[in-house]
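Listing of target06.cif, mmCIF, C-alpha atoms
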```
data_data
#
loop_
_atom_site.label_atom_id
_atom_site.label_comp_id
_atom_site.auth_asym_id
_atom_site.auth_seq_id
_atom_site.Cartn_x
_atom_site.Cartn_y
_atom_site.Cartn_z
CA MET A 1 49.06 -6.94 1.91
CA SER A 2 48.06 -5.03 5.03
CA ASP A 3 45.97 -2.43 3.20
CA GLN A 4 43.43 -4.97 2.01
CA ILE A 5 41.28 -7.45 3.88
CA THR A 6 39.79 -10.45 2.13
CA PHE A 7 36.79 -12.33 3.49
CA THR A 8 33.73 -14.09 2.10
CA ILE A 9 29.99 -13.34 2.16
CA ASP A 10 27.89 -16.42 1.28
CA GLY A 11 31.00 -17.92 -0.32
CA VAL A 12 31.73 -14.87 -2.51
CA GLU A 13 35.15 -13.31 -1.97
CA VAL A 14 34.93 -9.66 -0.86
CA LYS A 15 37.74 -7.12 -0.42
CA ALA A 16 37.60 -4.51 2.33
CA LYS A 17 39.80 -1.59 3.33
CA PRO A 18 41.05 -1.61 6.93
CA GLY A 19 38.48 0.01 9.22
CA GLN A 20 35.53 -0.80 6.96
CA THR A 21 32.57 -2.62 8.44
CA ILE A 22 31.08 -5.73 6.83
CA MET A 23 28.20 -3.53 5.61
CA GLN A 24 30.49 -0.98 3.93
CA ALA A 25 32.56 -3.69 2.25
CA ALA A 26 29.40 -5.49 1.08
CA ASP A 27 27.95 -2.24 -0.33
CA ASP A 28 31.22 -1.55 -2.21
CA ALA A 29 31.13 -5.10 -3.60
CA GLY A 30 27.50 -4.75 -4.67
CA ILE A 31 26.21 -7.32 -2.17
CA TYR A 32 23.03 -6.24 -0.39
CA ILE A 33 22.66 -6.89 3.31
CA PRO A 34 19.13 -5.95 4.51
CA ARG A 35 19.17 -3.01 6.96
CA LEU A 36 16.85 -0.52 8.62
CA CYS A 37 18.56 1.76 11.15
CA TYR A 38 21.83 2.04 9.19
CA HIS A 39 22.45 5.28 7.28
CA PRO A 40 25.72 5.63 5.35
CA GLU A 41 26.26 9.25 6.47
CA LEU A 42 25.67 8.62 10.16
CA THR A 43 27.36 6.74 12.99
CA ALA A 44 26.09 3.16 12.92
CA HIS A 45 23.70 2.51 15.75
CA GLY A 46 23.30 -1.28 15.48
CA SER A 47 19.89 -1.10 17.11
CA CYS A 48 17.45 -2.67 14.65
CA ARG A 49 19.44 -5.92 14.23
CA VAL A 50 17.98 -6.42 10.73
CA CYS A 51 21.50 -6.47 9.25
CA THR A 52 22.49 -9.37 11.51
CA VAL A 53 24.77 -11.77 9.66
CA ILE A 54 26.53 -14.89 10.89
CA VAL A 55 30.26 -14.23 11.26
CA ASN A 56 32.33 -17.37 11.80
CA GLY A 57 29.25 -19.00 13.32
CA LYS A 58 28.22 -16.10 15.60
CA PRO A 59 25.53 -13.47 14.95
CA GLN A 60 26.87 -9.91 14.49
CA THR A 61 25.38 -6.70 13.10
CA ALA A 62 27.02 -6.04 9.74
CA CYS A 63 26.79 -2.25 10.22
CA THR A 64 29.00 -2.25 13.32
CA GLN A 65 31.26 -5.29 12.91
CA PRO A 66 34.63 -4.45 11.29
CA ALA A 67 35.66 -6.68 8.42
CA ALA A 68 38.55 -8.96 9.28
CA GLU A 69 40.86 -11.14 7.23
CA GLY A 70 39.45 -14.56 6.44
CA MET A 71 36.10 -14.14 8.19
CA ILE A 72 33.26 -16.27 6.85
CA VAL A 73 30.02 -14.30 6.66
CA GLU A 74 26.57 -15.77 6.02
CA ASN A 75 23.95 -13.28 4.86
CA ASP A 76 21.30 -14.69 2.53
CA THR A 77 20.16 -17.81 4.40
CA PRO A 78 16.67 -19.11 5.28
CA GLU A 79 17.45 -18.75 9.02
CA LEU A 80 18.48 -15.09 8.69
CA LEU A 81 15.46 -14.38 6.47
CA GLU A 82 13.24 -15.74 9.25
CA HIS A 83 15.16 -13.76 11.89
CA ARG A 84 14.74 -10.53 9.86
CA ARG A 85 11.05 -11.21 9.32
CA ASN A 86 10.56 -11.68 13.06
CA LEU A 87 12.28 -8.37 13.79
CA VAL A 88 10.22 -6.47 11.24
CA ASP A 89 7.03 -8.20 12.47
CA MET A 90 7.81 -6.97 15.99
CA LEU A 91 8.34 -3.40 14.77
CA PHE A 92 4.94 -3.50 13.06
CA VAL A 93 3.03 -4.73 16.12
CA GLU A 94 4.83 -2.46 18.62
CA GLY A 95 3.80 0.73 16.83
CA ASN A 96 0.74 1.90 14.95
CA HIS A 97 1.90 1.42 11.38
CA LEU A 98 -1.15 2.13 9.23
CA CYS A 99 0.25 2.51 5.72
CA MET A 100 -3.17 3.29 4.33
CA PHE A 101 -3.12 6.94 5.42
CA CYS A 102 0.59 7.45 6.09
CA GLU A 103 2.27 10.29 4.19
CA ARG A 104 5.38 8.16 3.74
CA SER A 105 3.66 5.09 2.26
CA GLY A 106 5.47 4.16 -0.93
CA ASN A 107 8.60 5.91 0.29
CA CYS A 108 9.12 4.22 3.67
CA GLU A 109 12.07 2.02 4.53
CA LEU A 110 10.11 -0.11 7.03
CA GLN A 111 7.37 -0.79 4.48
CA ALA A 112 9.96 -1.49 1.76
CA MET A 113 11.77 -3.95 4.05
CA ALA A 114 8.51 -5.74 4.86
CA TYR A 115 7.76 -6.02 1.12
CA ARG A 116 11.29 -7.30 0.46
CA LEU A 117 10.91 -9.92 3.19
CA GLY A 118 7.51 -10.96 1.77
CA ILE A 119 5.56 -10.23 4.95
CA LEU A 120 1.80 -10.57 4.43
CA ALA A 121 0.85 -10.10 8.10
CA PRO A 122 2.86 -9.95 11.34
CA LYS A 123 2.73 -13.17 13.35
CA TYR A 124 2.55 -11.41 16.74
CA PRO A 125 -0.46 -9.78 18.47
CA TYR A 126 -0.81 -6.05 17.91
CA PHE A 127 -0.06 -3.72 20.85
CA TYR A 128 -2.02 -0.64 19.64
CA PRO A 129 0.10 1.62 21.86
CA ASP A 130 -1.02 5.13 22.78
CA LYS A 131 1.69 7.39 21.33
CA PRO A 132 1.72 11.18 21.01
CA VAL A 133 1.91 13.43 17.94
CA ASP A 134 3.81 16.71 18.34
CA SER A 135 2.74 19.21 15.67
CA THR A 136 3.82 22.35 17.54
CA HIS A 137 6.81 23.14 15.29
CA LYS A 138 5.95 25.39 12.35
CA ASP A 139 7.76 23.27 9.74
CA ILE A 140 7.95 19.75 11.18
CA PHE A 141 5.65 17.31 12.93
CA LEU A 142 6.71 14.40 15.03
CA GLU A 143 4.53 11.25 14.76
CA LEU A 144 5.71 8.78 17.41
CA ASN A 145 3.10 6.14 16.46
CA ARG A 146 5.40 5.29 13.55
CA CYS A 147 8.78 5.57 15.30
CA ILE A 148 10.95 2.44 15.10
CA LEU A 149 13.66 3.80 17.45
CA CYS A 150 16.36 3.54 14.78
CA GLY A 151 18.33 6.39 16.36
CA ARG A 152 19.07 8.18 13.08
CA CYS A 153 17.57 11.50 14.26
CA VAL A 154 19.47 11.21 17.55
CA ASN A 155 22.82 10.73 15.82
CA ALA A 156 22.14 13.24 13.04
CA SER A 157 21.15 15.97 15.51
CA LYS A 158 24.10 15.26 17.79
CA ASP A 159 26.88 14.57 15.28
CA VAL A 160 25.89 16.50 12.15
CA ASP A 161 23.71 19.38 13.36
CA GLY A 162 25.56 19.77 16.68
CA LYS A 163 22.25 20.35 18.46
CA GLY A 164 21.20 17.22 20.32
CA VAL A 165 17.50 17.90 19.73
CA PHE A 166 16.56 14.22 20.07
CA ASP A 167 17.51 11.47 22.49
CA PHE A 168 16.16 8.21 23.85
CA VAL A 169 14.42 8.05 27.20
CA GLY A 170 13.12 4.96 29.02
CA ARG A 171 14.11 1.34 28.57
CA SER A 172 12.75 -1.73 26.84
CA ILE A 173 9.11 -1.37 25.74
CA ASP A 174 8.97 2.08 27.40
CA LYS A 175 11.87 3.37 25.33
CA LYS A 176 10.94 6.38 23.26
CA ILE A 177 12.29 9.44 21.47
CA ALA A 178 12.19 12.65 23.50
CA VAL A 179 13.02 16.21 22.44
CA ASN A 180 15.49 18.45 24.26
CA SER A 181 12.90 20.75 25.83
CA ASP A 182 10.56 20.83 28.80
CA LYS A 183 7.70 21.24 26.35
CA ASN A 184 7.52 20.44 22.66
CA LEU A 185 9.49 20.35 19.44
CA LYS A 186 8.82 24.06 18.81
CA ASP A 187 10.73 24.89 22.00
CA THR A 188 13.92 23.24 20.70
CA THR A 189 16.50 24.56 18.23
CA MET A 190 15.23 22.15 15.54
CA ALA A 191 15.15 23.61 12.02
CA VAL A 192 13.65 22.06 8.91
CA THR A 193 17.07 22.23 7.19
CA ASP A 194 18.69 20.06 9.91
CA LYS A 195 20.07 16.68 8.94
CA ALA A 196 17.82 15.21 11.65
CA ALA A 197 14.78 16.29 9.60
CA GLN A 198 15.99 14.43 6.49
CA VAL A 199 16.98 10.98 7.75
CA CYS A 200 13.86 9.41 9.30
CA PRO A 201 13.30 6.05 7.54
CA VAL A 202 9.58 6.02 8.40
CA GLY A 203 6.82 8.63 8.76
CA SER A 204 7.89 9.89 12.19
CA ILE A 205 9.71 13.13 11.38
CA ASN A 206 7.79 14.84 8.60
CA LYS A 207 8.04 18.19 6.89
CA LYS A 208 4.73 19.99 6.96
CA GLY A 209 3.14 20.84 3.63
CA THR A 210 4.92 18.10 1.70
CA ALA A 211 2.55 15.16 2.23
CA PHE A 212 0.89 13.51 -0.75
CA LYS A 213 2.78 15.75 -3.22
CA ILE A 214 3.62 12.65 -5.25
CA PRO A 215 0.49 11.00 -6.68
CA TYR A 216 -0.28 7.45 -5.62
CA GLY A 217 1.24 5.10 -8.16
CA SER A 218 4.27 7.22 -9.03
CA ASP A 219 6.07 6.89 -5.69
CA ILE A 220 9.17 4.73 -5.27
CA GLU A 221 7.31 1.55 -4.35
CA HIS A 222 4.80 1.66 -7.16
CA LYS A 223 7.38 2.54 -9.82
CA LYS A 224 9.33 -0.69 -9.28
CA MET B 1 -18.41 -32.58 -10.14
CA ALA B 2 -19.95 -29.62 -8.32
CA LYS B 3 -17.98 -26.42 -8.40
CA PRO B 4 -16.22 -25.41 -5.15
CA LYS B 5 -17.99 -22.71 -3.19
CA VAL B 6 -16.66 -19.35 -2.10
CA ALA B 7 -18.24 -17.26 0.67
CA THR B 8 -17.42 -13.66 1.54
CA ALA B 9 -18.25 -11.24 4.35
CA SER B 10 -17.50 -7.67 5.31
CA LEU B 11 -17.11 -7.22 9.07
CA ALA B 12 -15.74 -3.89 10.35
CA GLY B 13 -14.71 -2.85 6.85
CA CYS B 14 -15.84 -0.39 4.21
CA PHE B 15 -16.68 -2.86 1.40
CA GLY B 16 -13.63 -1.55 -0.46
CA CYS B 17 -12.13 -5.05 -0.57
CA HIS B 18 -15.39 -6.37 -2.00
CA MET B 19 -15.10 -3.66 -4.66
CA SER B 20 -11.62 -5.05 -5.33
CA ILE B 21 -13.13 -8.50 -5.94
CA LEU B 22 -15.29 -6.88 -8.63
CA ASP B 23 -12.16 -5.08 -9.87
CA ILE B 24 -10.87 -8.32 -11.41
CA ASP B 25 -12.96 -7.04 -14.35
CA GLU B 26 -13.81 -9.54 -17.10
CA ARG B 27 -12.03 -12.29 -15.16
CA ILE B 28 -15.15 -12.42 -13.00
CA LEU B 29 -16.73 -14.48 -15.83
CA LYS B 30 -13.87 -16.97 -15.50
CA LEU B 31 -14.28 -16.94 -11.72
CA ILE B 32 -17.96 -17.88 -12.10
CA GLU B 33 -16.86 -20.86 -14.23
CA LEU B 34 -14.46 -21.89 -11.44
CA VAL B 35 -16.68 -21.39 -8.37
CA ASP B 36 -20.17 -20.85 -7.01
CA PHE B 37 -20.71 -18.03 -4.54
CA ASP B 38 -22.37 -19.08 -1.29
CA LYS B 39 -23.12 -16.69 1.60
CA SER B 40 -21.92 -13.32 0.33
CA PRO B 41 -23.07 -9.72 -0.14
CA ILE B 42 -22.28 -10.22 -3.85
CA ASP B 43 -25.25 -12.59 -4.39
CA ASP B 44 -27.10 -11.56 -1.19
CA ILE B 45 -27.28 -15.14 0.15
CA LYS B 46 -27.68 -14.63 3.90
CA LYS B 47 -27.13 -18.17 5.20
CA PHE B 48 -24.58 -20.84 4.41
CA THR B 49 -26.06 -23.53 2.12
CA GLY B 50 -23.22 -25.99 2.72
CA ARG B 51 -19.50 -26.48 3.07
CA CYS B 52 -17.33 -23.85 1.33
CA ALA B 53 -13.81 -24.26 -0.05
CA ILE B 54 -12.78 -20.66 0.60
CA GLY B 55 -14.04 -17.87 2.84
CA LEU B 56 -12.90 -14.31 2.21
CA ILE B 57 -13.13 -12.01 5.23
CA GLU B 58 -12.97 -8.25 4.90
CA GLY B 59 -12.78 -6.12 8.06
CA GLY B 60 -11.81 -6.81 11.66
CA CYS B 61 -14.05 -7.58 14.64
CA ALA B 62 -15.51 -4.43 16.20
CA ASN B 63 -18.70 -5.90 17.70
CA GLU B 64 -20.17 -9.22 18.84
CA GLU B 65 -21.97 -9.79 15.53
CA ASN B 66 -18.63 -9.57 13.68
CA VAL B 67 -17.29 -12.30 15.99
CA HIS B 68 -20.34 -14.55 15.40
CA VAL B 69 -20.10 -14.15 11.60
CA LEU B 70 -16.37 -14.82 11.69
CA GLN B 71 -16.82 -17.96 13.81
CA GLU B 72 -19.56 -19.14 11.46
CA PHE B 73 -17.20 -18.66 8.51
CA ARG B 74 -14.49 -20.63 10.28
CA GLU B 75 -16.94 -23.49 10.83
CA HIS B 76 -18.11 -23.59 7.21
CA CYS B 77 -14.92 -22.85 5.24
CA ASP B 78 -11.97 -25.13 4.55
CA ILE B 79 -9.68 -22.15 3.92
CA LEU B 80 -10.26 -18.79 5.58
CA ILE B 81 -8.50 -15.71 4.20
CA SER B 82 -8.13 -12.26 5.78
CA VAL B 83 -8.52 -9.84 2.90
CA GLY B 84 -7.28 -6.29 3.39
CA ASP B 85 -5.69 -4.32 6.20
CA CYS B 86 -8.84 -4.06 8.38
CA ALA B 87 -9.03 -7.84 8.68
CA ILE B 88 -5.27 -8.04 9.30
CA ASN B 89 -4.64 -5.13 11.70
CA GLY B 90 -7.98 -3.38 12.26
CA ASP B 91 -6.80 -0.36 10.25
CA ILE B 92 -9.07 2.74 10.48
CA PRO B 93 -11.66 1.19 12.87
CA ALA B 94 -8.76 0.25 15.17
CA LEU B 95 -7.83 3.91 15.64
CA ARG B 96 -10.18 3.70 18.64
CA ASN B 97 -8.11 0.93 20.18
CA ASN B 98 -6.15 3.11 22.56
CA ILE B 99 -9.19 5.15 23.63
CA PRO B 100 -11.58 3.57 26.19
CA LEU B 101 -14.90 2.48 24.60
CA LYS B 102 -16.91 4.67 27.00
CA GLU B 103 -15.03 7.76 25.85
CA CYS B 104 -15.59 6.83 22.18
CA LEU B 105 -19.36 6.44 22.67
CA GLU B 106 -19.60 9.67 24.70
CA GLU B 107 -17.71 11.58 22.02
CA ALA B 108 -19.90 10.11 19.26
CA TYR B 109 -23.30 10.54 20.96
CA LEU B 110 -22.92 13.21 23.66
CA ASN B 111 -19.90 15.49 23.40
CA GLY B 112 -19.01 15.68 19.70
CA PRO B 113 -19.15 19.24 18.25
CA SER B 114 -21.94 18.42 15.77
CA VAL B 115 -24.02 16.12 18.01
CA TYR B 116 -27.74 16.91 18.50
CA ASN B 117 -29.02 14.56 21.18
CA PRO B 118 -31.37 16.33 23.64
CA GLU B 119 -32.25 13.04 25.41
CA LYS B 120 -28.56 12.47 26.09
CA THR B 121 -28.89 8.78 25.31
CA ILE B 122 -26.28 6.40 23.95
CA PRO B 123 -27.98 3.79 21.69
CA ASN B 124 -28.44 0.55 23.64
CA ASP B 125 -31.33 -1.23 21.89
CA LYS B 126 -31.02 -5.00 22.40
CA GLU B 127 -31.16 -5.42 18.60
CA LEU B 128 -27.85 -3.58 18.27
CA PRO B 129 -24.74 -5.75 18.48
CA LEU B 130 -22.58 -4.76 21.43
CA CYS B 131 -19.30 -3.03 20.64
CA LEU B 132 -16.17 -4.89 21.72
CA ASP B 133 -13.70 -3.17 24.02
CA ARG B 134 -11.45 -2.70 20.98
CA VAL B 135 -11.22 -3.80 17.36
CA TYR B 136 -9.59 -7.22 16.96
CA PRO B 137 -7.75 -8.47 13.88
CA CYS B 138 -9.48 -11.63 12.57
CA HIS B 139 -6.51 -13.88 13.34
CA GLU B 140 -6.76 -12.89 17.02
CA VAL B 141 -10.31 -14.35 17.08
CA VAL B 142 -10.16 -17.48 14.87
CA LYS B 143 -7.48 -19.35 12.95
CA ILE B 144 -6.81 -17.59 9.63
CA ASP B 145 -5.03 -19.54 6.89
CA TYR B 146 -3.87 -16.79 4.53
CA PHE B 147 -3.45 -13.02 4.53
CA LEU B 148 -3.87 -10.68 1.54
CA PRO B 149 -2.83 -7.19 2.66
CA GLY B 150 -3.73 -3.85 1.09
CA CYS B 151 -6.17 -1.03 1.61
CA PRO B 152 -7.98 -2.26 -0.30
CA ALA B 153 -6.33 -5.59 -1.12
CA ASN B 154 -5.83 -5.15 -4.86
CA ALA B 155 -7.72 -7.15 -7.48
CA GLU B 156 -4.54 -8.85 -8.68
CA ILE B 157 -3.59 -10.30 -5.28
CA ILE B 158 -7.16 -11.56 -4.71
CA TRP B 159 -7.30 -13.12 -8.18
CA GLN B 160 -3.90 -14.79 -7.97
CA ALA B 161 -4.63 -16.15 -4.49
CA LEU B 162 -8.02 -17.57 -5.51
CA VAL B 163 -6.66 -19.19 -8.68
CA ALA B 164 -3.71 -20.74 -6.83
CA LEU B 165 -5.79 -22.08 -3.93
CA LEU B 166 -8.61 -23.38 -6.12
CA ASN B 167 -6.02 -25.31 -8.14
CA ASN B 168 -4.31 -26.69 -5.02
CA LYS B 169 -1.16 -24.72 -5.79
CA PRO B 170 1.00 -23.05 -3.13
CA LEU B 171 0.35 -19.34 -2.58
CA ASP B 172 3.47 -17.83 -4.11
CA LEU B 173 2.58 -14.17 -4.48
CA PRO B 174 4.97 -12.04 -6.55
CA TYR B 175 6.77 -9.15 -4.81
CA GLU B 176 5.15 -6.55 -7.09
CA ILE B 177 1.57 -7.17 -5.96
CA ILE B 178 2.15 -7.11 -2.18
CA LYS B 179 1.13 -3.61 -1.05
CA TYR B 180 -0.09 -2.32 2.32
CA ASP B 181 -1.78 0.82 0.94
#
```

Structure encoded using structure tokens:
Amino acid sequence: MSDQITFTIDGVEVKAKPGQTIMQAADDAGIYIPRLCYHPELTAHGSCRVCTVIVNGKPQTACTQPAAEGMIVENDTPELLEHRRNLVDMLFVEGNHLCMFCERSGNCELQAMAYRLGILAPKYPYFYPDKPVDSTHKDIFLELNRCILCGRCVNASKDVDGKGVFDFVGRSIDKKIAVNSDKNLKDTTMAVTDKAAQVCPVGSINKKGTAFKIPYGSDIEHKK
Amino acid sequence: MAKPKVATASLAGCFGCHMSILDIDERILKLIELVDFDKSPIDDIKKFTGRCAIGLIEGGCANEENVHVLQEFREHCDILISVGDCAINGDIPALRNNIPLKECLEEAYLNGPSVYNPEKTIPNDKELPLCLDRVYPCHEVVKIDYFLPGCPANAEIIWQALVALLNNKPLDLPYEIIKYD
């Protein structure tokens, strides 16, 4: 009895093990909850809010909220679709997301989420922010125009690599990713084999010399 | 009954989206049965001859002429569609948006590594349309009714949108044809 939790997602009964989040239980049950910052191998950050579901009438992020006995979760509703579209729209206008020449186009989680949500154009005015590119490291370049502040590199570097190369600085619209150095990425302990170099959902942390290796049309998006 | 009219324009774009219109291949014969082209680079009609059902806009607004053309399209077209990423977000021309215009012009005409300009002049003939301070997406200048993303917007999305709108059907674009690249 106590080693299994039963709850519902959109009326479908789902079983969860104690300690599992709504997201983990949904994934095990084959129910998809849209997400952006969540990565199954990393500590959940709960920052993008795309996985917001309604739990017993209140909004909660599915990646951080533990499953509990009898909870009623709403996931696939018109209101949440609109909420998720608004969030993704805001991410697009706050950065400079130009898929046309991005190395990650066709293999980008932000782009894939926008396609999934059926976004044809963001509804908000574009910011066109002035963001830096750090290409000092011999194997990696950091493109902050495309950063969505998901926190994956921060957690991967801290928890998996044990290095703490990345962290957030600033608040609100001034929030950004900074590297643990007075200067640039090359002056940190970052290595191309680090977990932090593998987990970026967008085209912000890129391995040099790997761009456009896959011909247009045979990438993940175009193969669907 | 007269056929509905379609007008098209390329503002700060590369004509790639107009190439995509031609990319509908043999369906262009069917399109000609459905519509007449009014003001458009495709038939080289320079001035509107009357009211149009649909206006297709490629490119964003980089100078005052782009704004005038766009406003003229809004006046003459029942439905105005932003076609392609430049019209929707400025795309490549908008890379100048976080650099002051003065710096852009000085780099292009005075300081660029391959510039030969002994008179040190920046073009300012009154015939030249003035550059805007930045490149504006079309929907930040006039009301836009529909958006067809892509760089270029692909032939399929343009075709399906035109057929749906000309038949008074809702624009229900399938997931597979929405692409931003």

Just need the residues of chain A within 10 Å of chain B, counting only C-alpha atoms, so spit them out as number ranges by chain.
A: 92-93, 96-102, 105-106, 111-112, 114-131, 216, 221-224

Output check: residues returned by the PyMOL selection byres ((chain A and resi 54) around 10), as a PyMOL selection string:
chain A and resi 9-10+51-53+55-62+71-77+80

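Excluding Val163 of chain B itself and same-chain residues fewer than 6 positions from it, the residues having an atom within 9 Å of it are Leu31, Leu34 and Lys169 of chain B, counting all atoms listed in the file.
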
Would you be able to write out as JSON, numbers by chain which residues have an atom within 6 Å of (7.8, 7.0, 6.2) in the file's coordinates, counting only C-alpha atoms?
{"A": [104, 108, 201, 202, 203]}

Mind giving me the straight-line distance from atom CA of Cys131 of chain B to atom CA of Ala87 of chain B in Å, one decimal?
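Interatomic distance here is 16.5 Å.
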
Could you jot down the atom CA of Cys48 of chain A to atom CA of Val160 of chain A separation for me, Å, one decimal place?
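So the two atoms, atom CA of Cys48 of chain A and atom CA of Val160 of chain A, lie 21.1 Å apart.
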
Using the chain letters and numbers from the file, which residues does the PyMOL selection byres ((chain A and resi 44) around 10) grab, as a ChimeraX atom specification?
/A:21,37-43,45-47,61-65,150-152,155

For segment 100-105 of chain B, list every protein, DNA or RNA residue within 6 Å, evaluated using only C-alpha atoms, and leave out those in the same chain fewer than 3 positions away; present the list as a list in words.
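Counting only the stated atoms, we get Ala108, Tyr109 and Asp133 of chain B.
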
Exactly which residues make up the result of the PyMOL selection byres ((chain A and resi 70) around 6) on this file, given as a PyMOL selection string?
chain A and resi 6-7+69+71

Can I get the selected residues back with C-alpha atoms, as a tab-separated table (two decimals), keeping the file's coordinate frame?
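Wrote again_18.tsv, looks like this:
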```tsv
chain	number	residue	atom	x	y	z
A	6	THR	CA	39.79	-10.45	2.13
A	7	PHE	CA	36.79	-12.33	3.49
A	69	GLU	CA	40.86	-11.14	7.23
A	71	MET	CA	36.10	-14.14	8.19
```

For atom CA of Ser114 of chain B and atom CA of Gly59 of chain B, the interatomic separation in Å (one decimal):
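Distance reported for this atom pair: 27.3 Å.
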
Dump as a PDB file with C-alpha atoms, in the coordinates of the input all residues having an atom at most 12 Å from (14.4, 13.5, 7.8), computed in the file's coordinates with only C-alpha atoms.
```pdb
ATOM      1  CA  HIS A  39      22.450   5.280   7.280  1.00  0.00           C
ATOM      2  CA  ARG A 104       5.380   8.160   3.740  1.00  0.00           C
ATOM      3  CA  CYS A 108       9.120   4.220   3.670  1.00  0.00           C
ATOM      4  CA  ASP A 139       7.760  23.270   9.740  1.00  0.00           C
ATOM      5  CA  ILE A 140       7.950  19.750  11.180  1.00  0.00           C
ATOM      6  CA  PHE A 141       5.650  17.310  12.930  1.00  0.00           C
ATOM      7  CA  LEU A 142       6.710  14.400  15.030  1.00  0.00           C
ATOM      8  CA  GLY A 151      18.330   6.390  16.360  1.00  0.00           C
ATOM      9  CA  ARG A 152      19.070   8.180  13.080  1.00  0.00           C
ATOM     10  CA  CYS A 153      17.570  11.500  14.260  1.00  0.00           C
ATOM     11  CA  VAL A 154      19.470  11.210  17.550  1.00  0.00           C
ATOM     12  CA  ASN A 155      22.820  10.730  15.820  1.00  0.00           C
ATOM     13  CA  ALA A 156      22.140  13.240  13.040  1.00  0.00           C
ATOM     14  CA  SER A 157      21.150  15.970  15.510  1.00  0.00           C
ATOM     15  CA  MET A 190      15.230  22.150  15.540  1.00  0.00           C
ATOM     16  CA  ALA A 191      15.150  23.610  12.020  1.00  0.00           C
ATOM     17  CA  VAL A 192      13.650  22.060   8.910  1.00  0.00           C
ATOM     18  CA  THR A 193      17.070  22.230   7.190  1.00  0.00           C
ATOM     19  CA  ASP A 194      18.690  20.060   9.910  1.00  0.00           C
ATOM     20  CA  LYS A 195      20.070  16.680   8.940  1.00  0.00           C
ATOM     21  CA  ALA A 196      17.820  15.210  11.650  1.00  0.00           C
ATOM     22  CA  ALA A 197      14.780  16.290   9.600  1.00  0.00           C
ATOM     23  CA  GLN A 198      15.990  14.430   6.490  1.00  0.00           C
ATOM     24  CA  VAL A 199      16.980  10.980   7.750  1.00  0.00           C
ATOM     25  CA  CYS A 200      13.860   9.410   9.300  1.00  0.00           C
ATOM     26  CA  PRO A 201      13.300   6.050   7.540  1.00  0.00           C
ATOM     27  CA  VAL A 202       9.580   6.020   8.400  1.00  0.00           C
ATOM     28  CA  GLY A 203       6.820   8.630   8.760  1.00  0.00           C
ATOM     29  CA  SER A 204       7.890   9.890  12.190  1.00  0.00           C
ATOM     30  CA  ILE A 205       9.710  13.130  11.380  1.00  0.00           C
ATOM     31  CA  ASN A 206       7.790  14.840   8.600  1.00  0.00           C
ATOM     32  CA  LYS A 207       8.040  18.190   6.890  1.00  0.00           C
ATOM     33  CA  LYS A 208       4.730  19.990   6.960  1.00  0.00           C
TER      34      LYS A 208
END
```

Please provide the set of residues having any atom within 12 Å of Glu65 of chain B, restricted to all atoms listed in the file, with same-chain residues fewer than 6 positions apart removed, written as a ChimeraX atom specification.
/B:9-12,71-72,127-132

Hey, what's within 8 Å of Leu110 of chain B if we count all atoms listed in the file and toss same-chain stuff fewer than 4 positions away? As a list in words, please?
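Residues near the query, excluding close chain neighbours: Leu105, Glu106, Val115, Tyr116, Asn117, Lys120, Thr121 and Ile122 of chain B.
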